[in-house]
$ cat entry-v3.cif   # mmCIF, C-alpha atoms
data_final
#
loop_
_atom_site.label_atom_id
_atom_site.label_comp_id
_atom_site.auth_asym_id
_atom_site.auth_seq_id
_atom_site.Cartn_x
_atom_site.Cartn_y
_atom_site.Cartn_z
CA MET A 1 34.85 14.27 -48.63
CA ILE A 2 33.74 16.38 -51.60
CA LYS A 3 30.11 15.90 -52.67
CA SER A 4 28.56 16.78 -56.00
CA MET A 5 25.15 18.45 -56.02
CA THR A 6 23.84 16.07 -58.69
CA GLY A 7 22.77 12.57 -57.76
CA PHE A 8 20.08 9.91 -57.82
CA GLY A 9 18.79 7.42 -55.28
CA ARG A 10 15.87 5.02 -54.94
CA GLY A 11 14.39 3.10 -52.05
CA GLU A 12 11.48 0.69 -51.65
CA VAL A 13 9.97 -0.96 -48.59
CA VAL A 14 7.23 -3.59 -48.75
CA THR A 15 5.19 -4.68 -45.72
CA ASP A 16 2.03 -6.75 -45.29
CA GLN A 17 0.05 -3.53 -45.39
CA CYS A 18 1.67 -1.44 -48.10
CA LYS A 19 4.49 -0.74 -50.55
CA ILE A 20 6.25 2.63 -50.44
CA SER A 21 8.76 3.77 -53.06
CA VAL A 22 10.94 6.90 -52.95
CA GLU A 23 13.12 8.42 -55.68
CA ILE A 24 15.47 11.36 -55.18
CA LYS A 25 16.98 13.35 -58.05
CA ALA A 26 19.08 16.49 -57.70
CA VAL A 27 20.79 19.20 -59.75
CA ASN A 28 22.79 22.33 -58.90
CA HIS A 29 21.23 25.07 -56.84
CA ARG A 30 22.60 27.91 -54.77
CA TYR A 31 20.57 26.84 -51.75
CA CYS A 32 18.74 23.73 -50.54
CA ASP A 33 15.46 23.51 -52.47
CA LEU A 34 13.27 20.48 -51.78
CA ASN A 35 10.34 19.66 -54.06
CA VAL A 36 8.38 16.80 -52.47
CA LYS A 37 5.72 15.04 -54.54
CA ILE A 38 3.75 12.89 -52.11
CA PRO A 39 0.36 11.11 -52.33
CA LYS A 40 -2.49 13.17 -50.92
CA LYS A 41 -3.25 10.63 -48.21
CA LEU A 42 0.32 11.07 -46.85
CA ASN A 43 0.39 14.87 -46.99
CA SER A 44 0.70 15.19 -43.23
CA LEU A 45 4.09 13.42 -43.38
CA GLU A 46 5.70 15.85 -45.85
CA ASN A 47 7.34 17.96 -43.13
CA ALA A 48 8.84 14.84 -41.56
CA VAL A 49 10.39 13.92 -44.92
CA ARG A 50 11.76 17.47 -45.41
CA SER A 51 13.28 17.56 -41.93
CA TYR A 52 14.91 14.18 -42.42
CA LEU A 53 16.51 15.18 -45.74
CA LYS A 54 17.76 18.56 -44.53
CA LYS A 55 19.91 16.81 -41.93
CA SER A 56 22.07 15.43 -44.76
CA VAL A 57 21.66 17.86 -47.66
CA ASN A 58 22.91 21.46 -47.59
CA ARG A 59 22.70 22.58 -51.22
CA GLY A 60 21.00 21.47 -54.42
CA LYS A 61 17.56 21.35 -56.00
CA LEU A 62 16.03 18.01 -55.03
CA ASP A 63 12.95 16.39 -56.53
CA ILE A 64 11.54 13.69 -54.24
CA TYR A 65 8.93 11.36 -55.70
CA ILE A 66 6.97 9.23 -53.22
CA SER A 67 4.49 6.53 -54.24
CA TYR A 68 2.20 4.49 -51.98
CA GLU A 69 0.34 1.26 -52.68
CA ASP A 70 -2.07 -0.27 -50.17
CA LEU A 71 -1.64 -4.05 -49.99
CA SER A 72 -4.13 -4.74 -47.22
CA GLU A 73 -7.24 -6.87 -47.76
CA HIS A 74 -9.38 -3.78 -47.46
CA ALA A 75 -7.36 -1.64 -49.81
CA ASP A 76 -10.49 -0.79 -51.79
CA CYS A 77 -14.01 -0.60 -50.47
CA VAL A 78 -17.44 0.09 -51.94
CA GLN A 79 -19.24 3.07 -50.43
CA VAL A 80 -23.04 3.37 -50.59
CA ASN A 81 -24.73 6.74 -50.37
CA GLU A 82 -27.66 5.65 -48.20
CA GLY A 83 -29.44 8.98 -48.12
CA LEU A 84 -29.32 9.39 -51.88
CA SER A 85 -30.50 5.77 -52.34
CA ARG A 86 -33.62 6.43 -50.24
CA GLU A 87 -34.35 9.60 -52.21
CA TYR A 88 -34.12 7.68 -55.48
CA TYR A 89 -36.48 5.01 -54.13
CA LYS A 90 -39.02 7.62 -52.98
CA ALA A 91 -38.81 9.39 -56.33
CA LEU A 92 -39.41 6.12 -58.21
CA ALA A 93 -42.36 5.26 -55.94
CA ASN A 94 -43.90 8.70 -56.49
CA LEU A 95 -43.37 8.37 -60.24
CA SER A 96 -45.05 4.94 -60.21
CA GLU A 97 -48.04 6.36 -58.35
CA LEU A 98 -48.20 9.43 -60.58
CA LEU A 99 -48.18 7.42 -63.79
CA ASP A 100 -50.27 4.60 -62.34
CA ILE A 101 -47.75 1.97 -63.26
CA PRO A 102 -46.19 -0.85 -61.22
CA ASN A 103 -43.30 0.14 -58.99
CA ASP A 104 -40.61 -2.26 -60.12
CA ALA A 105 -37.72 -0.47 -58.37
CA THR A 106 -35.02 -2.91 -57.29
CA ALA A 107 -31.76 -2.50 -55.41
CA LEU A 108 -29.86 -3.21 -58.65
CA LYS A 109 -31.69 -0.46 -60.52
CA ILE A 110 -31.13 2.04 -57.72
CA ALA A 111 -27.44 1.07 -57.49
CA ARG A 112 -27.04 2.08 -61.14
CA MET A 113 -28.26 5.58 -60.40
CA PRO A 114 -25.58 8.35 -60.41
CA GLU A 115 -23.43 8.62 -57.28
CA VAL A 116 -25.29 5.90 -55.36
CA MET A 117 -22.21 3.63 -55.19
CA SER A 118 -18.51 4.48 -55.41
CA LEU A 119 -15.21 2.68 -55.11
CA GLU A 120 -12.88 4.34 -52.61
CA ASP A 121 -9.50 3.64 -51.09
CA ALA A 122 -9.57 2.40 -47.56
CA ARG A 123 -8.78 5.07 -45.03
CA VAL A 124 -5.12 5.34 -44.12
CA ASP A 125 -3.67 6.50 -40.82
CA PRO A 126 -0.57 8.50 -41.91
CA ASP A 127 1.00 8.40 -38.45
CA SER A 128 1.15 4.61 -38.57
CA LEU A 129 3.12 4.84 -41.84
CA GLU A 130 5.70 7.44 -40.78
CA GLU A 131 8.32 4.92 -39.67
CA THR A 132 7.97 2.90 -42.89
CA LEU A 133 8.08 6.06 -45.03
CA LEU A 134 11.22 7.41 -43.35
CA GLN A 135 12.85 3.98 -43.64
CA THR A 136 12.22 4.15 -47.40
CA VAL A 137 13.53 7.73 -47.56
CA GLU A 138 16.68 6.57 -45.75
CA GLN A 139 17.27 3.85 -48.36
CA ALA A 140 16.93 6.35 -51.20
CA LEU A 141 19.05 8.92 -49.37
CA LEU A 142 21.92 6.47 -48.79
CA GLN A 143 22.03 5.61 -52.49
CA PHE A 144 21.66 9.28 -53.38
CA MET A 145 24.53 10.37 -51.10
CA ASP A 146 26.72 7.57 -52.41
CA SER A 147 26.23 8.76 -56.00
CA ARG A 148 26.97 12.33 -54.88
CA CYS A 149 30.20 11.28 -53.18
CA LYS A 150 31.39 9.29 -56.21
CA GLU A 151 30.71 12.20 -58.56
CA GLY A 152 32.29 14.59 -56.05
CA ASN A 153 35.47 12.52 -55.98
CA HIS A 154 35.70 12.66 -59.79
CA LEU A 155 35.28 16.44 -59.66
CA LYS A 156 37.94 16.71 -56.97
CA GLU A 157 40.52 14.72 -58.94
CA ASP A 158 39.82 16.64 -62.13
CA ILE A 159 40.08 20.04 -60.42
CA LEU A 160 43.33 19.05 -58.68
CA ASP A 161 44.75 18.01 -62.03
CA LYS A 162 43.79 21.39 -63.52
CA LEU A 163 45.33 23.21 -60.55
CA HIS A 164 48.64 21.40 -61.11
CA GLY A 165 48.54 22.50 -64.74
CA MET A 166 47.92 26.07 -63.61
CA GLU A 167 50.99 25.94 -61.38
CA ASP A 168 53.08 24.93 -64.39
CA ARG A 169 51.75 27.90 -66.38
CA VAL A 170 52.47 30.31 -63.52
CA SER A 171 56.05 28.98 -63.50
CA GLU A 172 56.29 29.64 -67.25
CA ILE A 173 55.22 33.25 -66.70
CA GLU A 174 57.73 33.72 -63.88
CA LYS A 175 60.54 32.30 -66.03
CA ARG A 176 59.60 34.39 -69.03
CA TYR A 177 59.54 37.74 -67.18
CA PRO A 178 63.37 38.25 -66.85
CA GLN A 179 63.84 37.31 -70.50
CA MET A 180 61.17 39.81 -71.51
CA VAL A 181 63.01 42.62 -69.64
CA SER A 182 66.32 41.55 -71.23
CA ASP A 183 64.74 41.58 -74.69
CA TYR A 184 63.38 45.06 -74.07
CA ARG A 185 66.79 46.36 -72.98
CA LYS A 186 68.43 44.95 -76.10
CA LYS A 187 65.71 46.40 -78.33
CA LEU A 188 66.10 49.80 -76.62
CA GLU A 189 69.87 49.78 -76.99
CA ASP A 190 69.66 48.83 -80.67
CA LYS A 191 67.17 51.63 -81.30
CA VAL A 192 69.36 54.21 -79.52
CA ARG A 193 72.43 53.10 -81.50
CA ASP A 194 70.56 53.54 -84.76
CA LEU A 195 69.45 57.01 -83.73
CA LEU A 196 72.77 58.25 -82.28
CA ALA A 197 75.11 56.52 -84.74
CA ASP A 198 78.64 57.13 -83.44
CA THR A 199 77.56 59.11 -80.39
CA SER A 200 78.04 57.26 -77.13
CA MET A 201 74.92 56.04 -75.31
CA ASP A 202 73.85 57.23 -71.88
CA GLU A 203 73.85 53.92 -70.01
CA SER A 204 72.20 55.39 -66.95
CA ARG A 205 69.26 56.64 -69.01
CA ILE A 206 68.94 53.22 -70.65
CA ALA A 207 68.95 51.60 -67.22
CA THR A 208 66.28 54.00 -65.96
CA GLU A 209 64.01 53.26 -68.92
CA VAL A 210 64.47 49.52 -68.41
CA VAL A 211 63.60 49.84 -64.69
CA ILE A 212 60.44 51.81 -65.51
CA TYR A 213 59.44 49.22 -68.10
CA ALA A 214 60.20 46.31 -65.76
CA ASP A 215 58.08 47.85 -63.02
CA LYS A 216 55.21 48.47 -65.43
CA ILE A 217 55.03 44.87 -66.61
CA CYS A 218 55.97 43.24 -63.30
CA VAL A 219 53.50 40.50 -62.33
CA ASP A 220 55.30 39.18 -59.25
CA GLU A 221 52.45 40.16 -56.92
CA GLU A 222 49.86 38.55 -59.19
CA THR A 223 51.75 35.26 -59.55
CA VAL A 224 52.38 35.08 -55.79
CA ARG A 225 48.67 35.62 -55.05
CA LEU A 226 47.70 33.17 -57.78
CA ARG A 227 49.94 30.49 -56.27
CA SER A 228 48.37 31.22 -52.88
CA HIS A 229 44.86 30.79 -54.30
CA ILE A 230 45.86 27.53 -56.01
CA LYS A 231 47.29 26.18 -52.74
CA ASN A 232 44.19 27.32 -50.84
CA MET A 233 41.87 25.55 -53.27
CA GLU A 234 43.95 22.37 -53.13
CA ASP A 235 43.79 22.41 -49.32
CA GLU A 236 40.02 22.92 -49.33
CA LEU A 237 39.50 20.07 -51.78
CA ILE A 238 41.63 17.72 -49.70
CA ARG A 239 39.94 18.84 -46.46
CA GLY A 240 36.51 18.27 -47.99
CA GLY A 241 33.12 19.11 -46.53
CA ASN A 242 30.63 21.69 -47.78
CA VAL A 243 33.18 23.89 -49.54
CA GLY A 244 31.36 24.71 -52.80
CA ARG A 245 30.72 28.38 -52.03
CA LYS A 246 34.29 28.93 -50.81
CA LEU A 247 35.78 27.27 -53.88
CA ASP A 248 33.63 29.49 -56.09
CA PHE A 249 34.98 32.59 -54.32
CA ILE A 250 38.59 31.39 -54.69
CA ALA A 251 38.02 30.77 -58.41
CA GLN A 252 36.77 34.35 -58.80
CA GLU A 253 39.96 35.64 -57.14
CA MET A 254 42.07 33.46 -59.45
CA ASN A 255 40.31 34.93 -62.45
CA ARG A 256 41.00 38.46 -61.20
CA GLU A 257 44.76 37.78 -60.96
CA ALA A 258 44.83 36.15 -64.41
CA ASN A 259 43.06 39.19 -65.88
CA THR A 260 45.66 41.51 -64.36
CA ILE A 261 48.54 39.43 -65.74
CA LEU A 262 46.94 39.51 -69.18
CA SER A 263 46.45 43.29 -69.04
CA LYS A 264 50.10 43.85 -68.07
CA ALA A 265 51.51 41.42 -70.60
CA ASN A 266 53.55 43.04 -73.37
CA ASP A 267 54.75 39.72 -74.66
CA ILE A 268 52.96 37.20 -76.87
CA THR A 269 54.24 34.22 -74.85
CA ILE A 270 52.95 35.58 -71.54
CA SER A 271 49.67 36.67 -73.17
CA ASN A 272 49.06 33.18 -74.53
CA THR A 273 49.93 31.61 -71.18
CA ALA A 274 47.60 34.01 -69.34
CA ILE A 275 44.79 33.11 -71.75
CA GLU A 276 45.41 29.42 -71.05
CA LEU A 277 45.23 30.21 -67.33
CA LYS A 278 41.88 31.95 -67.76
CA THR A 279 40.56 29.02 -69.78
CA GLU A 280 41.49 26.55 -67.03
CA ILE A 281 40.04 28.81 -64.33
CA GLU A 282 36.74 29.02 -66.22
CA LYS A 283 36.61 25.22 -66.45
CA ILE A 284 37.25 25.00 -62.71
CA ARG A 285 34.52 27.55 -61.99
CA GLU A 286 32.01 25.50 -63.97
CA GLN A 287 32.89 22.36 -62.01
CA VAL A 288 32.91 24.16 -58.68
CA GLN A 289 29.30 25.22 -59.35
CA ASN A 290 28.37 21.54 -58.97
CA ILE A 291 30.05 21.04 -55.58
CA GLU A 292 27.94 21.15 -52.43
#
$ encode --input "entry-v3.cif" --output "structure tokens"
Amino acid sequence: MIKSMTGFGRGEVVTDQCKISVEIKAVNHRYCDLNVKIPKKLNSLENAVRSYLKKSVNRGKLDIYISYEDLSEHADCVQVNEGLSREYYKALANLSELLDIPNDATALKIARMPEVMSLEDARVDPDSLEETLLQTVEQALLQFMDSRCKEGNHLKEDILDKLHGMEDRVSEIEKRYPQMVSDYRKKLEDKVRDLLADTSMDESRIATEVVIYADKICVDEETVRLRSHIKNMEDELIRGGNVGRKLDFIAQEMNREANTILSKANDITISNTAIELKTEIEKIREQVQNIE
């Protein structure tokens, strides 16, 4: 199966203790580049997430967004800085004695002092969450891979359609070549007649010139190789798998053959057809860049 490098997937798992959500987005990339954005309290599980994803993804730039919500009864807790509280109380008592005023320090007043009390998340044991996290990643990955496969199938069908069109254009070039040689022979004979008037023509010299011309503009080797590349790409698309890099190489070879045909062309029909070939090859190359 052909897979696109672009895709999206989302997963969410809710337990009595927590809710974990994972989103995966991807675009083209030459290699496998994973950018994992994970809550600080789950940092120790990042490598587990990376290892899990790399089993299924070979190419593409992936952004993985992970969110965590604690649903336990002790999700938030109030922390009291006992040492600092005692220091505040001592300072207030000393101030009362120094100013000879009543010491009216209360727990409420001390609690309002800076950094005496703070609201903190309950401590989380990351290891206990690994199974739940990877289960969520699996959900997102399944959806992500499904979207990649669907997009990959569309790319495959479109490229195959373009390859069939290329075969038709190669056939047009092959059919046009003999007519181009015949036209050249007729043009050469007419020119010689005009120059020599009643003098008889040297048929052997005409034939030699036509052979030299035919050899110069011959594109048989190029069309044969181009057909071979088209067949090779079709086979790879049908076989499927991680063929993106190979398809890109084949497209480069196709472009080389089309350039040679265009450079040899001494005929407006073949030139136009070769330009159409190059246009289709460029479209294929752009699409191949998105295949894993």
$ residues_around --input "entry-v3.cif" --residues "Asn103 in chain A" --least-positions-apart "5" --cutoff "8 Å" --atoms "all atoms listed in the file" --output "list in words"
Leu92, Ala93, Ser96 and Glu97 of chain A
$ closest_residue --input "entry-v3.cif" --among "A:Val116, A:Val36, A:Leu99, A:Leu277" --to "Asp168 in chain A" --atoms "all atoms listed in the file"
A:Leu277
$ residues_around --input "entry-v3.cif" --residues "Asn290 in chain A" --least-positions-apart "4" --cutoff "9 Å" --atoms "all atoms listed in the file" --output "number ranges by chain"
A: 3-6, 27-29, 60, 152, 155, 244, 286
$ atom_distance --input "entry-v3.cif" --atom1 "CA of Asn153 in chain A" --atom2 "CA of Arg50 in chain A"
26.4 Å
$ residues_around --input "entry-v3.cif" --residues "His164 in chain A" --least-positions-apart "5" --cutoff "12 Å" --atoms "all atoms listed in the file" --output "list of chain:residue names"
A:Glu157, A:Asp158, A:Ile159, A:Arg169, A:Val170, A:Ser171, A:Arg227, A:Ile230, A:Lys231, A:Met233, A:Glu234, A:Leu277, A:Glu280, A:Ile281
$ resolve_selection --input "entry-v3.cif" --expression "the PyMOL selection byres ((chain A and resi 245) around 9)" --output "list of chain:residue names"
A:Arg30, A:Asn242, A:Val243, A:Gly244, A:Lys246, A:Leu247, A:Asp248, A:Phe249, A:Ile250, A:Val288, A:Gln289, A:Ile291, A:Glu292
$ resolve_selection --input "entry-v3.cif" --expression "the PyMOL selection byres ((chain A and resi 7) around 9)" --output "list in words"
Ser4, Met5, Thr6, Phe8, Gly9, Ile24, Lys25, Ala26, Val27, Gln143, Phe144, Met145, Asp146, Ser147, Arg148, Cys149 and Glu151 of chain A
$ atom_distance --input "entry-v3.cif" --atom1 "CA of Gln179 in chain A" --atom2 "CA of Glu276 in chain A"
20.1 Å
$ residues_near_point --input "entry-v3.cif" --point "(9.4, 7.8, -56.1)" --cutoff "8 Å" --atoms "all atoms listed in the file" --output "MDAnalysis selection string"
chainID A and resid 10:11 21:24 64:67
$ resolve_selection --input "entry-v3.cif" --expression "the PyMOL selection byres ((chain A and resi 136) around 10)" --output "PyMOL selection string"
chain A and resi 10-14+19-23+66+130-135+137-141
$ closest_residue --input "entry-v3.cif" --among "A:His154, A:Ile173, A:Gly240, A:Ala107" --to "Gln287 in chain A" --atoms "only C-alpha atoms"
A:His154
$ atom_distance --input "entry-v3.cif" --atom1 "CA of Ser128 in chain A" --atom2 "CA of Asp70 in chain A"
13.0 Å
$ decode --input "entry-v3.cif" --residues "range 5-16 of chain A" --atoms "all heavy atoms" --output "mmCIF file, in the first residue's frame"
data_model
loop_
_atom_site.group_PDB
_atom_site.id
_atom_site.type_symbol
_atom_site.label_atom_id
_atom_site.label_comp_id
_atom_site.auth_asym_id
_atom_site.auth_seq_id
_atom_site.Cartn_x
_atom_site.Cartn_y
_atom_site.Cartn_z
ATOM 1 N N MET A 5 2.852 11.162 3.119
ATOM 2 C CA MET A 5 3.557 11.613 4.321
ATOM 3 C C MET A 5 2.737 12.618 5.120
ATOM 4 O O MET A 5 3.099 12.964 6.238
ATOM 5 C CB MET A 5 4.918 12.202 3.946
ATOM 6 C CG MET A 5 5.978 11.152 3.758
ATOM 7 S SD MET A 5 7.649 11.838 3.717
ATOM 8 C CE MET A 5 7.713 12.455 2.050
ATOM 9 N N THR A 6 1.642 13.112 4.563
ATOM 10 C CA THR A 6 0.788 14.027 5.316
ATOM 11 C C THR A 6 -0.347 13.238 5.958
ATOM 12 O O THR A 6 -0.820 12.244 5.403
ATOM 13 C CB THR A 6 0.192 15.116 4.407
ATOM 14 O OG1 THR A 6 -0.559 14.493 3.350
ATOM 15 C CG2 THR A 6 1.295 15.954 3.792
ATOM 16 N N GLY A 7 -0.773 13.673 7.110
ATOM 17 C CA GLY A 7 -1.865 12.969 7.781
ATOM 18 C C GLY A 7 -2.182 13.618 9.120
ATOM 19 O O GLY A 7 -1.467 14.487 9.609
ATOM 20 N N PHE A 8 -3.290 13.158 9.708
ATOM 21 C CA PHE A 8 -3.714 13.660 11.014
ATOM 22 C C PHE A 8 -4.415 12.542 11.765
ATOM 23 O O PHE A 8 -5.149 11.736 11.172
ATOM 24 C CB PHE A 8 -4.664 14.853 10.867
ATOM 25 C CG PHE A 8 -5.243 15.318 12.181
ATOM 26 C CD1 PHE A 8 -4.511 16.156 13.013
ATOM 27 C CD2 PHE A 8 -6.503 14.898 12.599
ATOM 28 C CE1 PHE A 8 -5.020 16.588 14.230
ATOM 29 C CE2 PHE A 8 -7.031 15.316 13.810
ATOM 30 C CZ PHE A 8 -6.281 16.165 14.627
ATOM 31 N N GLY A 9 -4.175 12.490 13.065
ATOM 32 C CA GLY A 9 -4.856 11.498 13.896
ATOM 33 C C GLY A 9 -4.990 12.007 15.324
ATOM 34 O O GLY A 9 -4.143 12.776 15.803
ATOM 35 N N ARG A 10 -6.061 11.578 15.986
ATOM 36 C CA ARG A 10 -6.286 12.006 17.377
ATOM 37 C C ARG A 10 -6.782 10.838 18.199
ATOM 38 O O ARG A 10 -7.558 9.993 17.732
ATOM 39 C CB ARG A 10 -7.308 13.147 17.432
ATOM 40 C CG ARG A 10 -7.436 13.790 18.808
ATOM 41 C CD ARG A 10 -8.428 14.948 18.822
ATOM 42 N NE ARG A 10 -8.349 15.684 20.074
ATOM 43 C CZ ARG A 10 -8.904 15.282 21.220
ATOM 44 N NH1 ARG A 10 -9.607 14.163 21.250
ATOM 45 N NH2 ARG A 10 -8.765 16.013 22.322
ATOM 46 N N GLY A 11 -6.316 10.780 19.438
ATOM 47 C CA GLY A 11 -6.755 9.744 20.363
ATOM 48 C C GLY A 11 -6.982 10.327 21.750
ATOM 49 O O GLY A 11 -6.346 11.322 22.118
ATOM 50 N N GLU A 12 -7.893 9.714 22.491
ATOM 51 C CA GLU A 12 -8.172 10.185 23.857
ATOM 52 C C GLU A 12 -8.583 9.004 24.714
ATOM 53 O O GLU A 12 -9.423 8.188 24.316
ATOM 54 C CB GLU A 12 -9.269 11.237 23.847
ATOM 55 C CG GLU A 12 -9.553 11.829 25.233
ATOM 56 C CD GLU A 12 -10.604 12.932 25.180
ATOM 57 O OE1 GLU A 12 -10.230 14.058 24.795
ATOM 58 O OE2 GLU A 12 -11.782 12.653 25.487
ATOM 59 N N VAL A 13 -7.981 8.901 25.878
ATOM 60 C CA VAL A 13 -8.314 7.841 26.838
ATOM 61 C C VAL A 13 -8.616 8.498 28.182
ATOM 62 O O VAL A 13 -7.829 9.328 28.665
ATOM 63 C CB VAL A 13 -7.165 6.826 26.985
ATOM 64 C CG1 VAL A 13 -7.453 5.866 28.131
ATOM 65 C CG2 VAL A 13 -6.971 6.043 25.688
ATOM 66 N N VAL A 14 -9.762 8.117 28.768
ATOM 67 C CA VAL A 14 -10.166 8.658 30.065
ATOM 68 C C VAL A 14 -10.271 7.516 31.063
ATOM 69 O O VAL A 14 -10.921 6.497 30.798
ATOM 70 C CB VAL A 14 -11.525 9.387 29.965
ATOM 71 C CG1 VAL A 14 -11.916 9.943 31.342
ATOM 72 C CG2 VAL A 14 -11.466 10.500 28.938
ATOM 73 N N THR A 15 -9.607 7.655 32.202
ATOM 74 C CA THR A 15 -9.693 6.685 33.291
ATOM 75 C C THR A 15 -10.197 7.396 34.538
ATOM 76 O O THR A 15 -10.467 8.606 34.518
ATOM 77 C CB THR A 15 -8.313 6.054 33.573
ATOM 78 O OG1 THR A 15 -7.445 7.064 34.138
ATOM 79 C CG2 THR A 15 -7.683 5.508 32.303
ATOM 80 N N ASP A 16 -10.311 6.651 35.644
ATOM 81 C CA ASP A 16 -10.732 7.281 36.903
ATOM 82 C C ASP A 16 -9.693 8.279 37.391
ATOM 83 O O ASP A 16 -10.022 9.225 38.125
ATOM 84 C CB ASP A 16 -10.943 6.206 37.983
ATOM 85 C CG ASP A 16 -12.120 5.296 37.655
ATOM 86 O OD1 ASP A 16 -12.990 5.742 36.879
ATOM 87 O OD2 ASP A 16 -12.160 4.169 38.176
#
